[in-house]
Amino acid sequence: MVAAVVAALALVLSACNGGGPSATAADSVAGLPVTHFKSGLKPNAPTPDLNVHNVSGDESDQVATATIADVESYWSGRMPTDFGMDFEPVTKLLSYDSNGPNQTNGCGDTEGDINAFYCSRDDSVSWDRGVLLPNMLQQFGQLSVVMVLAHEFGHAVQYRLKDKAGIDKSTPTIVKEQQADCFAGGYFRWVVEGKSTYFNVSTSDGLNAALSSLFLVRDSAGTSATDTQAHGTAFDRIFAFQLGFETGPKQCAALDLDSIKPRLVEQPFRPGTDKKQQGDIAIDETAISALQSSLNDAFKGANVAEPQIIADGGACPGGGPSTPPASYCPSSNTVTIDLDALAELGKPVDQDAEFSGDNTGGHGDFASFAEIASRYALGVQKGVGASIDTPGAGLRTACLVGAWAAVAALPGQKLRLSAGDLDEAISDLLRPDGLVAADVNGNRTASGFNRVEAMRTGYLQGSPICSRQYN
């Protein structure tokens, strides 16, 4: 099965080299131009005419209140158009400080509740302005707050749509969460298109910040999609957001367990895994040897000389293209790596520290493996005559890393994908200096949206699409 997948890769790459524009161009995002400007609350945005209980004047509440006003405006237009019904604003809005005086709504007390949520019992949306929103503002800026509340408002939309969204008491939590992420994506598209009264969002740094906030609030690795509190991995959540951004609310409301189950990656750790080592191995010579074998096996159908991975400092000698801590050197067909730097990058993720903004952990072992795999994939592309230094080459590379990851997820592999690994690759894709979606010179498209989508495309659809879509 592995050989068949990659044989198709070789045929497609050699056939399309030097062809026309790609289906998904590096200079567009879901059909929109790549834009660069400061994203967030507009300087001239009006003060929302909303009744928010216990509201303050701080930035968290300003952004939160503007978000609610904005999403209500969005749904006031989309609900009649897409679902043939009028939109009704939520009944109650509550701002609270999880470390401050207790407040109550239909779902209970707020003391110590670091959260933002929709409560169907009293049709309310509430948010913690004391801990949650300030943390998100500090790490990812105002759009992270917009993302969180647009998602929560998506649950209010479900409550209004009812059977038109297929939601009832038996609906699994993961379906409700996927729909809410998807609805948030539809709203963000509307903002990006310049229709918002309150916010500006660029398709480069703006959307990158929105996706990074979804990454922050992902489920912990090893969570099962059947868990009653499951919201999804970053891979799952970003998929749903991008679906809404590209297709709109009607497609979101059609999501059900049958449609999402085949592409969900949220899964528990395999039985018998050491609790202290779940999902991570040390980045050392033994691991690199296993990675070399995995990549050789996965790409053997390409019928090209296998790039050799060598621990030689991470930079190509003689002035060749260098992208430390891992570089593909065309002259010698080698991938040179800085083993110490990659070991640091591959340290286990400390998700609690990530959330608090005091992260001293790494990005996980698969972030390191994916960076090396991306440089190896460049060697395979060069071997079949594809470009490795063009705008599309970086996205094609990310796509091929995704295709390799899908092979590594199969039983019996020497280096097998573990729960949470794909999120570690997404972490690299959202970093401004990550290599997974970079060409041989380290150039990457400005859009994290495109970078993540490219890897996901390869993972879910296999390698043949990589060169059709990114050339």
# chains A, B, ... in the order shown; residues from 1 in each chain; ligands from 1
>>> select_by_dssp(residues="stretch 7-246 of chain A", states="alpha helix (DSSP H)", output="ChimeraX atom specification")
/A:7-16,59-83,132-140,142-161,173-192,205-216,234-246
>>> closest_atom_pairs(of="stretch 362-427 of chain A", to="stretch 209-229 of chain A", cutoff="12 Å", atoms="only C-alpha atoms", output="CSV")
residue,atom,partner,partner_atom,distance
A:Gly364,CA,A:Ala221,CA,11.0
A:Ser418,CA,A:Gly222,CA,8.8
A:Ala419,CA,A:Gly222,CA,5.5
A:Gly420,CA,A:Ala221,CA,4.5
A:Asp421,CA,A:Ala221,CA,8.2
A:Leu422,CA,A:Ala221,CA,9.9
A:Asp423,CA,A:Phe215,CA,7.9
A:Glu424,CA,A:Phe215,CA,9.9
A:Ala425,CA,A:Phe215,CA,11.2
A:Ile426,CA,A:Phe215,CA,8.2
A:Ser427,CA,A:Phe215,CA,7.7
>>> residues_around(residues="stretch 429-433 of chain A", least_positions_apart="3", cutoff="10 Å", atoms="only C-alpha atoms", output="PyMOL selection string")
chain A and resi 205+208-209+211-212+215+323+367+370-371+398+423-426+436-438+442-455
>>> write_last_selection(atoms="C-alpha atoms", output="PDB file, in the first residue's frame")
ATOM      1  CA  ASP A 205      -1.138  37.591  10.157  1.00  0.00           C
ATOM      2  CA  ASN A 208      -2.715  33.196  11.459  1.00  0.00           C
ATOM      3  CA  ALA A 209      -3.651  34.656  14.872  1.00  0.00           C
ATOM      4  CA  LEU A 211      -5.825  29.735  13.827  1.00  0.00           C
ATOM      5  CA  SER A 212      -3.205  29.982  16.590  1.00  0.00           C
ATOM      6  CA  PHE A 215      -4.502  25.621  18.376  1.00  0.00           C
ATOM      7  CA  THR A 323      17.612  26.344   6.601  1.00  0.00           C
ATOM      8  CA  ALA A 367       7.486  18.775  14.947  1.00  0.00           C
ATOM      9  CA  ALA A 370       8.159  16.803  10.195  1.00  0.00           C
ATOM     10  CA  GLU A 371      10.856  19.444   9.673  1.00  0.00           C
ATOM     11  CA  ALA A 398       3.817  20.447   3.377  1.00  0.00           C
ATOM     12  CA  ASP A 423      -0.995  18.939  16.168  1.00  0.00           C
ATOM     13  CA  GLU A 424       2.755  19.098  16.715  1.00  0.00           C
ATOM     14  CA  ALA A 425       3.203  19.507  12.965  1.00  0.00           C
ATOM     15  CA  ILE A 426       0.535  22.223  12.935  1.00  0.00           C
ATOM     16  CA  VAL A 436       7.364  22.107   7.107  1.00  0.00           C
ATOM     17  CA  ALA A 437       5.886  24.411   4.436  1.00  0.00           C
ATOM     18  CA  ALA A 438       9.150  26.051   3.320  1.00  0.00           C
ATOM     19  CA  GLY A 442      13.331  28.531   3.689  1.00  0.00           C
ATOM     20  CA  ASN A 443      10.754  30.721   1.952  1.00  0.00           C
ATOM     21  CA  ARG A 444       7.178  30.036   3.009  1.00  0.00           C
ATOM     22  CA  THR A 445       3.823  31.492   2.077  1.00  0.00           C
ATOM     23  CA  ALA A 446       2.641  34.224   4.454  1.00  0.00           C
ATOM     24  CA  SER A 447      -0.665  32.480   5.024  1.00  0.00           C
ATOM     25  CA  GLY A 448      -0.761  29.973   7.858  1.00  0.00           C
ATOM     26  CA  PHE A 449      -4.227  29.077   6.547  1.00  0.00           C
ATOM     27  CA  ASN A 450      -2.650  27.763   3.330  1.00  0.00           C
ATOM     28  CA  ARG A 451       0.238  26.058   5.126  1.00  0.00           C
ATOM     29  CA  VAL A 452      -2.051  24.045   7.403  1.00  0.00           C
ATOM     30  CA  GLU A 453      -4.472  23.275   4.595  1.00  0.00           C
ATOM     31  CA  ALA A 454      -1.659  21.931   2.425  1.00  0.00           C
ATOM     32  CA  MET A 455      -0.474  19.431   5.041  1.00  0.00           C
TER      33      MET A 455
END
>>> closest_residue(among="A:Gly186, A:Pro33, A:Ser98, A:Ser39", to="A:Trp75", atoms="only C-alpha atoms")
A:Gly186
>>> atom_distance(atom1="atom CA of A:Ile465", atom2="atom CA of A:Val401")
12.6 Å
>>> residues_around(residues="A:Ser259", least_positions_apart="6", cutoff="12 Å", atoms="only C-alpha atoms", output="ChimeraX atom specification")
/A:174-175,178-179,240,251-253
>>> decode(residues="stretch 123-149 of chain A", atoms="N, CA and C atoms", output="JSON list (two decimals), in the first residue's frame")
[["chain", "number", "residue", "atom", "x", "y", "z"],
["A", 123, "ASP", "N", -30.31, 30.97, 27.55],
["A", 123, "ASP", "CA", -29.93, 31.57, 26.27],
["A", 123, "ASP", "C", -28.93, 32.70, 26.48],
["A", 124, "SER", "N", -27.80, 32.37, 27.12],
["A", 124, "SER", "CA", -26.82, 33.40, 27.47],
["A", 124, "SER", "C", -25.44, 33.05, 26.93],
["A", 125, "VAL", "N", -24.66, 34.09, 26.70],
["A", 125, "VAL", "CA", -23.24, 33.93, 26.38],
["A", 125, "VAL", "C", -22.45, 34.64, 27.48],
["A", 126, "SER", "N", -21.48, 33.93, 28.06],
["A", 126, "SER", "CA", -20.69, 34.47, 29.17],
["A", 126, "SER", "C", -19.21, 34.29, 28.88],
["A", 127, "TRP", "N", -18.40, 35.17, 29.46],
["A", 127, "TRP", "CA", -16.95, 35.07, 29.26],
["A", 127, "TRP", "C", -16.19, 35.58, 30.48],
["A", 128, "ASP", "N", -15.03, 34.97, 30.68],
["A", 128, "ASP", "CA", -14.15, 35.33, 31.79],
["A", 128, "ASP", "C", -13.18, 36.42, 31.35],
["A", 129, "ARG", "N", -13.42, 37.63, 31.82],
["A", 129, "ARG", "CA", -12.53, 38.74, 31.47],
["A", 129, "ARG", "C", -11.34, 38.84, 32.42],
["A", 130, "GLY", "N", -11.31, 37.98, 33.46],
["A", 130, "GLY", "CA", -10.26, 38.07, 34.46],
["A", 130, "GLY", "C", -9.02, 37.28, 34.11],
["A", 131, "VAL", "N", -9.19, 36.09, 33.52],
["A", 131, "VAL", "CA", -8.05, 35.21, 33.24],
["A", 131, "VAL", "C", -8.03, 34.79, 31.76],
["A", 132, "LEU", "N", -9.12, 34.19, 31.29],
["A", 132, "LEU", "CA", -9.13, 33.61, 29.95],
["A", 132, "LEU", "C", -8.85, 34.64, 28.86],
["A", 133, "LEU", "N", -9.67, 35.67, 28.77],
["A", 133, "LEU", "CA", -9.51, 36.62, 27.67],
["A", 133, "LEU", "C", -8.20, 37.41, 27.76],
["A", 134, "PRO", "N", -7.76, 37.86, 28.95],
["A", 134, "PRO", "CA", -6.45, 38.53, 29.01],
["A", 134, "PRO", "C", -5.30, 37.64, 28.56],
["A", 135, "ASN", "N", -5.34, 36.33, 28.91],
["A", 135, "ASN", "CA", -4.29, 35.42, 28.46],
["A", 135, "ASN", "C", -4.26, 35.32, 26.94],
["A", 136, "MET", "N", -5.43, 35.25, 26.35],
["A", 136, "MET", "CA", -5.49, 35.13, 24.90],
["A", 136, "MET", "C", -5.07, 36.42, 24.21],
["A", 137, "LEU", "N", -5.47, 37.55, 24.79],
["A", 137, "LEU", "CA", -5.04, 38.84, 24.25],
["A", 137, "LEU", "C", -3.52, 38.96, 24.27],
["A", 138, "GLN", "N", -2.91, 38.54, 25.37],
["A", 138, "GLN", "CA", -1.46, 38.66, 25.52],
["A", 138, "GLN", "C", -0.72, 37.80, 24.51],
["A", 139, "GLN", "N", -1.22, 36.61, 24.27],
["A", 139, "GLN", "CA", -0.50, 35.68, 23.40],
["A", 139, "GLN", "C", -0.78, 35.88, 21.92],
["A", 140, "PHE", "N", -2.05, 36.12, 21.57],
["A", 140, "PHE", "CA", -2.41, 36.11, 20.15],
["A", 140, "PHE", "C", -3.16, 37.35, 19.71],
["A", 141, "GLY", "N", -3.40, 38.30, 20.60],
["A", 141, "GLY", "CA", -4.05, 39.53, 20.20],
["A", 141, "GLY", "C", -5.57, 39.44, 20.19],
["A", 142, "GLN", "N", -6.18, 40.49, 19.71],
["A", 142, "GLN", "CA", -7.63, 40.63, 19.81],
["A", 142, "GLN", "C", -8.40, 39.56, 19.05],
["A", 143, "LEU", "N", -7.85, 39.09, 17.94],
["A", 143, "LEU", "CA", -8.60, 38.14, 17.13],
["A", 143, "LEU", "C", -8.80, 36.79, 17.83],
["A", 144, "SER", "N", -7.97, 36.49, 18.82],
["A", 144, "SER", "CA", -8.18, 35.26, 19.57],
["A", 144, "SER", "C", -9.47, 35.35, 20.39],
["A", 145, "VAL", "N", -9.75, 36.52, 20.92],
["A", 145, "VAL", "CA", -11.00, 36.74, 21.65],
["A", 145, "VAL", "C", -12.18, 36.64, 20.69],
["A", 146, "VAL", "N", -12.02, 37.24, 19.53],
["A", 146, "VAL", "CA", -13.07, 37.16, 18.51],
["A", 146, "VAL", "C", -13.35, 35.70, 18.15],
["A", 147, "MET", "N", -12.30, 34.92, 17.98],
["A", 147, "MET", "CA", -12.47, 33.52, 17.64],
["A", 147, "MET", "C", -13.25, 32.76, 18.72],
["A", 148, "VAL", "N", -12.84, 32.93, 19.96],
["A", 148, "VAL", "CA", -13.48, 32.21, 21.06],
["A", 148, "VAL", "C", -14.97, 32.52, 21.13],
["A", 149, "LEU", "N", -15.31, 33.79, 21.04],
["A", 149, "LEU", "CA", -16.72, 34.16, 21.20],
["A", 149, "LEU", "C", -17.53, 33.89, 19.94]]
